[in-house]
$ cat run_31.cif   # mmCIF, C-alpha atoms
data_work
loop_
_atom_site.label_atom_id
_atom_site.label_comp_id
_atom_site.auth_asym_id
_atom_site.auth_seq_id
_atom_site.Cartn_x
_atom_site.Cartn_y
_atom_site.Cartn_z
CA MET A 1 0.00 0.00 0.00
CA GLY A 2 1.33 3.45 -0.89
CA THR A 3 1.85 6.09 1.77
CA ASP A 4 -0.89 8.35 0.36
CA ARG A 5 -3.44 5.55 0.67
CA MET A 6 -2.17 4.68 4.15
CA ILE A 7 -2.56 8.26 5.33
CA MET A 8 -6.03 8.52 3.79
CA GLU A 9 -7.15 5.35 5.58
CA ALA A 10 -5.49 6.48 8.81
CA ARG A 11 -7.47 9.72 8.70
CA GLU A 12 -10.73 7.82 8.28
CA TYR A 13 -9.84 5.36 11.04
CA VAL A 14 -8.94 8.06 13.58
CA LYS A 15 -11.90 10.21 12.58
CA ASP A 16 -14.25 7.32 13.26
CA ARG A 17 -12.61 6.64 16.64
CA LEU A 18 -12.69 10.24 17.89
CA LYS A 19 -15.61 11.91 16.11
CA SER A 20 -17.76 11.97 19.27
CA GLU A 21 -15.00 12.58 21.86
CA PRO A 22 -16.22 15.46 24.10
CA SER A 23 -12.99 16.35 25.90
CA GLY A 24 -11.34 18.56 23.28
CA HIS A 25 -9.30 15.59 22.01
CA ASP A 26 -11.73 14.98 19.16
CA TRP A 27 -11.19 14.47 15.43
CA TRP A 28 -10.94 18.21 14.78
CA HIS A 29 -8.09 18.49 17.26
CA ILE A 30 -6.33 15.69 15.37
CA TYR A 31 -7.07 17.42 12.06
CA ARG A 32 -5.55 20.70 13.24
CA VAL A 33 -2.45 19.00 14.66
CA ALA A 34 -1.97 17.05 11.43
CA GLU A 35 -2.29 20.20 9.32
CA TRP A 36 0.19 22.10 11.49
CA SER A 37 2.54 19.11 11.42
CA LYS A 38 2.54 19.16 7.63
CA ARG A 39 3.13 22.91 7.58
CA LEU A 40 5.99 22.74 10.08
CA ALA A 41 7.50 19.69 8.38
CA GLU A 42 7.69 21.58 5.10
CA GLN A 43 9.34 24.59 6.73
CA GLU A 44 11.80 22.54 8.80
CA GLY A 45 12.64 19.86 6.23
CA ALA A 46 11.16 16.99 8.25
CA ASP A 47 9.69 13.78 6.82
CA PRO A 48 6.03 14.67 6.12
CA VAL A 49 4.80 11.07 6.19
CA VAL A 50 6.23 10.36 9.64
CA CYS A 51 4.92 13.69 10.93
CA GLU A 52 1.40 13.26 9.60
CA LEU A 53 1.03 9.67 10.78
CA ALA A 54 2.32 10.50 14.26
CA ALA A 55 -0.02 13.49 14.43
CA LEU A 56 -3.01 11.43 13.34
CA PHE A 57 -2.45 8.65 15.87
CA HIS A 58 -1.00 10.53 18.83
CA ASP A 59 -4.13 10.67 21.01
CA LEU A 60 -4.97 7.01 20.47
CA ALA A 61 -2.22 6.20 23.00
CA ASP A 62 -3.26 8.89 25.49
CA GLU A 63 -4.66 7.63 28.78
CA LYS A 64 -7.24 10.42 28.62
CA ILE A 65 -8.72 8.54 25.65
CA VAL A 66 -7.74 4.86 25.94
CA ALA A 67 -7.52 2.39 28.81
CA SER A 68 -3.71 2.45 28.89
CA LYS A 69 -0.81 3.88 26.95
CA GLU A 70 0.58 0.39 26.34
CA GLU A 71 -2.70 -0.84 24.90
CA GLY A 72 -2.95 2.20 22.66
CA MET A 73 0.63 1.86 21.39
CA ALA A 74 0.08 -1.81 20.59
CA ALA A 75 -3.08 -1.01 18.63
CA ILE A 76 -1.32 1.73 16.63
CA SER A 77 1.60 -0.60 15.85
CA SER A 78 -0.78 -3.31 14.65
CA TRP A 79 -2.74 -0.89 12.47
CA LEU A 80 0.36 0.53 10.82
CA THR A 81 1.88 -2.91 10.20
CA GLU A 82 -1.36 -4.26 8.75
CA HIS A 83 -1.53 -1.26 6.40
CA GLY A 84 1.94 -1.76 4.98
CA ALA A 85 4.21 0.41 7.12
CA ASP A 86 7.73 -0.97 7.42
CA ALA A 87 9.39 -1.55 10.78
CA ALA A 88 11.43 1.66 10.66
CA LEU A 89 8.33 3.79 10.03
CA VAL A 90 6.36 2.05 12.78
CA ASP A 91 9.21 2.49 15.26
CA HIS A 92 9.63 6.16 14.42
CA VAL A 93 5.92 6.95 14.74
CA LEU A 94 5.66 5.07 18.04
CA GLU A 95 8.78 6.75 19.42
CA ILE A 96 7.25 10.17 18.73
CA ILE A 97 3.89 9.28 20.24
CA GLY A 98 5.51 7.69 23.27
CA THR A 99 7.53 10.76 24.25
CA MET A 100 5.63 13.84 23.04
CA SER A 101 3.24 14.23 25.98
CA TYR A 102 3.72 17.15 28.39
CA GLY A 103 3.25 14.88 31.43
CA GLY A 104 3.88 17.59 34.02
CA GLY A 105 6.75 19.16 32.08
CA GLY A 106 9.44 16.68 33.04
CA GLY A 107 9.59 14.58 29.90
CA ARG A 108 12.76 14.00 27.91
CA PRO A 109 13.37 16.06 24.76
CA MET A 110 12.21 14.72 21.42
CA SER A 111 15.05 12.84 19.74
CA THR A 112 14.18 13.55 16.09
CA LEU A 113 13.20 16.54 13.99
CA GLU A 114 9.90 14.86 13.18
CA GLY A 115 9.19 14.43 16.87
CA ARG A 116 9.91 18.09 17.55
CA VAL A 117 7.57 19.09 14.72
CA VAL A 118 4.64 16.97 15.92
CA GLN A 119 5.13 17.99 19.54
CA ASP A 120 5.05 21.65 18.50
CA ALA A 121 1.90 21.15 16.43
CA ASP A 122 0.14 19.48 19.34
CA ARG A 123 1.22 22.19 21.77
CA LEU A 124 0.08 24.96 19.44
CA ASP A 125 -3.42 23.50 19.56
CA ALA A 126 -3.33 23.69 23.36
CA ILE A 127 -2.90 27.48 23.44
CA GLY A 128 -4.55 30.56 22.00
CA ALA A 129 -8.30 30.86 21.38
CA ILE A 130 -8.68 27.20 20.47
CA GLY A 131 -6.60 26.21 23.47
CA ILE A 132 -8.87 28.20 25.77
CA ALA A 133 -11.95 26.51 24.32
CA ARG A 134 -10.40 23.05 24.56
CA THR A 135 -9.30 23.62 28.15
CA PHE A 136 -12.80 24.45 29.32
CA ALA A 137 -14.25 21.58 27.26
CA PHE A 138 -11.84 19.17 28.94
CA GLY A 139 -12.50 20.54 32.41
CA GLY A 140 -16.23 20.21 31.88
CA SER A 141 -15.86 16.65 30.62
CA ARG A 142 -14.02 15.75 33.84
CA GLY A 143 -16.38 17.59 36.19
CA ARG A 144 -13.74 20.11 37.24
CA LEU A 145 -14.51 23.43 38.87
CA MET A 146 -13.95 26.35 36.53
CA TYR A 147 -12.10 28.33 39.19
CA ASP A 148 -11.58 28.49 42.95
CA PRO A 149 -9.66 31.50 44.29
CA ALA A 150 -8.73 29.50 47.39
CA GLU A 151 -6.89 26.87 45.35
CA PRO A 152 -3.55 28.19 44.03
CA PRO A 153 -1.89 26.62 41.00
CA ARG A 154 1.16 24.43 41.46
CA ASN A 155 4.37 25.55 39.83
CA SER A 156 5.67 22.01 39.42
CA MET A 157 4.19 18.50 39.43
CA THR A 158 5.38 14.97 38.87
CA GLN A 159 3.88 13.09 35.94
CA GLU A 160 1.71 11.11 38.38
CA GLU A 161 0.44 14.29 40.05
CA TYR A 162 -0.21 15.87 36.66
CA ARG A 163 -2.31 12.89 35.55
CA SER A 164 -4.23 12.35 38.78
CA ARG A 165 -4.76 15.80 40.25
CA GLN A 166 -8.26 17.19 39.80
CA GLY A 167 -7.48 20.91 40.04
CA THR A 168 -9.46 23.71 38.41
CA THR A 169 -9.63 24.67 34.77
CA VAL A 170 -8.17 28.14 35.27
CA ASN A 171 -5.25 26.70 37.25
CA HIS A 172 -4.39 24.56 34.23
CA PHE A 173 -3.38 27.71 32.37
CA TYR A 174 -0.74 28.48 35.00
CA GLU A 175 0.33 24.89 35.55
CA LYS A 176 0.83 24.08 31.86
CA LEU A 177 -0.50 26.28 29.08
CA LEU A 178 1.40 29.48 29.85
CA LYS A 179 4.62 27.45 29.92
CA LEU A 180 4.26 26.02 26.42
CA LYS A 181 5.46 29.11 24.53
CA ASP A 182 8.97 28.68 25.88
CA LEU A 183 8.99 24.94 25.18
CA MET A 184 8.42 25.15 21.42
CA ASN A 185 11.14 23.47 19.38
CA THR A 186 10.94 25.06 15.93
CA PRO A 187 11.21 28.73 14.88
CA ALA A 188 7.87 28.70 13.05
CA ALA A 189 6.08 27.29 16.08
CA GLN A 190 7.81 29.76 18.37
CA ARG A 191 6.47 32.66 16.28
CA GLU A 192 2.93 31.30 16.23
CA ALA A 193 3.05 30.48 19.95
CA ALA A 194 3.98 34.05 20.88
CA ALA A 195 0.72 35.43 19.49
CA ARG A 196 -1.39 32.67 21.03
CA HIS A 197 0.31 33.11 24.39
CA ALA A 198 -0.45 36.83 24.38
CA PHE A 199 -4.11 36.10 23.68
CA MET A 200 -4.29 33.74 26.67
CA GLU A 201 -2.72 36.36 28.92
CA GLN A 202 -5.32 38.87 27.74
CA PHE A 203 -8.12 36.39 28.42
CA LEU A 204 -6.87 35.61 31.93
CA ALA A 205 -6.47 39.28 32.77
CA GLN A 206 -10.08 39.90 31.74
CA PHE A 207 -11.27 36.79 33.59
CA HIS A 208 -9.74 37.92 36.87
CA CYS A 209 -11.04 41.46 36.41
CA GLU A 210 -14.57 40.10 36.04
CA TRP A 211 -14.28 37.82 39.10
CA PRO A 212 -15.51 39.78 42.16
CA GLY A 213 -12.69 40.70 44.49
CA GLU A 214 -9.95 39.83 42.00
CA GLU A 215 -7.52 42.01 40.14
CA THR A 216 -5.43 41.54 37.03
CA PRO A 217 -3.18 38.48 37.58
CA LYS A 218 -0.07 39.49 39.46
CA LYS A 219 3.42 38.47 38.49
CA GLY A 220 4.27 35.15 40.01
CA ARG A 221 0.81 33.64 39.64
CA ASP A 222 2.21 31.52 36.82
#

$ encode --input "run_31.cif" --output "structure tokens"
Amino acid sequence: MGTDRMIMEAREYVKDRLKSEPSGHDWWHIYRVAEWSKRLAEQEGADPVVCELAALFHDLADEKIVASKEEGMAAISSWLTEHGADAALVDHVLEIIGTMSYGGGGGRPMSTLEGRVVQDADRLDAIGAIGIARTFAFGGSRGRLMYDPAEPPRNSMTQEEYRSRQGTTVNHFYEKLLKLKDLMNTPAAQREAAARHAFMEQFLAQFHCEWPGEETPKKGRD
């Protein structure tokens, strides 16, 4: 099977799996990450096939979506192999998916250009206007409070704390999203992230101004 056909079938497979996902990790998130991965791959000289396949499958190994990361990785490997991907392609895609998650901010750096591209594309979709919308969609899907002034954000967390802690939706901006701008790997993503980061800061400033008894976020809140 040619790579174009494989990618086309991968898109349909992932779309069917995630079309009704309510947490902000739906098909349209995958679509946007895949499109940004292709754009960044072209600008950075990365392998577009590896980037697009990793982008398409990346949330099918996320414990927010599947029972376990190991189960998800095995299913992705089987799908790729059954659709004609050679061992090197399968290994590269799985390596990207296995290490790209934020996981509390303590993960190891991506080892390939393709990994850096896909990680950047995924992180871009977590910030800016779309990132704000996805964050509140995810919080709602998990029954999280929108905000609690008595609960301060944590500046650092282990991967286990990051995965298990309930927290509030607004705290998630300070615990993760406002940190992503400085973690982008590629120049193109860094430029795009700067504008999206500024929009989030503007949103949070307005949010706190509208919350009775609050002021514009002070330095050090993040």

$ resolve_selection --input "run_31.cif" --expression "the PyMOL selection byres ((chain A and resi 14) around 12)" --output "number ranges by chain"
A: 7-13, 15-21, 25-31, 34, 53-61, 75-76, 79

$ atom_distance --input "run_31.cif" --atom1 "CA of Glu70 (chain A)" --atom2 "CA of Gly98 (chain A)"
9.3 Å

$ atom_distance --input "run_31.cif" --atom1 "CA of Arg196 (chain A)" --atom2 "CA of Ala121 (chain A)"
12.8 Å

$ closest_residue --input "run_31.cif" --among "A:Trp36, A:Phe173, A:Tyr102, A:Trp211" --to "Thr135 (chain A)" --atoms "all atoms listed in the file"
A:Phe173

$ residues_near_point --input "run_31.cif" --point "(5.3, 8.9, 18.9)" --cutoff "12 Å" --atoms "all atoms listed in the file" --output "NGL selection string"
:A and (50-62 or 69 or 72-73 or 76-77 or 89-101 or 110-112 or 114-119 or 122)

$ closest_residue --input "run_31.cif" --among "A:His83, A:His172, A:Arg154, A:Arg142" --to "Met6 (chain A)" --atoms "only C-alpha atoms"
A:His83

$ residues_near_point --input "run_31.cif" --point "(-7.2, 23.2, 25.1)" --cutoff "8 Å" --atoms "all atoms listed in the file" --output "PDB file with C-alpha atoms, in the coordinates of the input"
ATOM      1  CA  GLY A  24     -11.340  18.560  23.280  1.00  0.00           C
ATOM      2  CA  ASP A 125      -3.420  23.500  19.560  1.00  0.00           C
ATOM      3  CA  ALA A 126      -3.330  23.690  23.360  1.00  0.00           C
ATOM      4  CA  ILE A 127      -2.900  27.480  23.440  1.00  0.00           C
ATOM      5  CA  ILE A 130      -8.680  27.200  20.470  1.00  0.00           C
ATOM      6  CA  GLY A 131      -6.600  26.210  23.470  1.00  0.00           C
ATOM      7  CA  ILE A 132      -8.870  28.200  25.770  1.00  0.00           C
ATOM      8  CA  ALA A 133     -11.950  26.510  24.320  1.00  0.00           C
ATOM      9  CA  ARG A 134     -10.400  23.050  24.560  1.00  0.00           C
ATOM     10  CA  THR A 135      -9.300  23.620  28.150  1.00  0.00           C
ATOM     11  CA  PHE A 136     -12.800  24.450  29.320  1.00  0.00           C
ATOM     12  CA  ALA A 137     -14.250  21.580  27.260  1.00  0.00           C
ATOM     13  CA  PHE A 138     -11.840  19.170  28.940  1.00  0.00           C
TER      14      PHE A 138
END

$ closest_residue --input "run_31.cif" --among "A:Ala189, A:Ile65, A:Val170, A:Cys209" --to "Pro153 (chain A)" --atoms "all atoms listed in the file"
A:Val170

$ closest_residue --input "run_31.cif" --among "A:Asp4, A:Glu201, A:Asp86, A:Asp120" --to "Tyr174 (chain A)" --atoms "all atoms listed in the file"
A:Glu201

$ atom_distance --input "run_31.cif" --atom1 "CA of Phe207 (chain A)" --atom2 "CA of Met146 (chain A)"
11.2 Å

$ closest_residue --input "run_31.cif" --among "A:Arg123, A:Ala88, A:Lys64, A:Asp182" --to "Val33 (chain A)" --atoms "only C-alpha atoms"
A:Arg123

$ resolve_selection --input "run_31.cif" --expression "the PyMOL selection byres ((chain A and resi 143-145) around 7)" --output "PDB file with C-alpha atoms, in the frame of the given file"
ATOM      1  CA  GLY A 139     -12.500  20.540  32.410  1.00  0.00           C
ATOM      2  CA  GLY A 140     -16.230  20.210  31.880  1.00  0.00           C
ATOM      3  CA  SER A 141     -15.860  16.650  30.620  1.00  0.00           C
ATOM      4  CA  ARG A 142     -14.020  15.750  33.840  1.00  0.00           C
ATOM      5  CA  MET A 146     -13.950  26.350  36.530  1.00  0.00           C
ATOM      6  CA  TYR A 147     -12.100  28.330  39.190  1.00  0.00           C
ATOM      7  CA  GLN A 166      -8.260  17.190  39.800  1.00  0.00           C
ATOM      8  CA  GLY A 167      -7.480  20.910  40.040  1.00  0.00           C
ATOM      9  CA  THR A 168      -9.460  23.710  38.410  1.00  0.00           C
ATOM     10  CA  THR A 169      -9.630  24.670  34.770  1.00  0.00           C
TER      11      THR A 169
END

$ closest_residue --input "run_31.cif" --among "A:Glu63, A:Thr81, A:His197, A:Glu71" --to "Leu180 (chain A)" --atoms "all atoms listed in the file"
A:His197
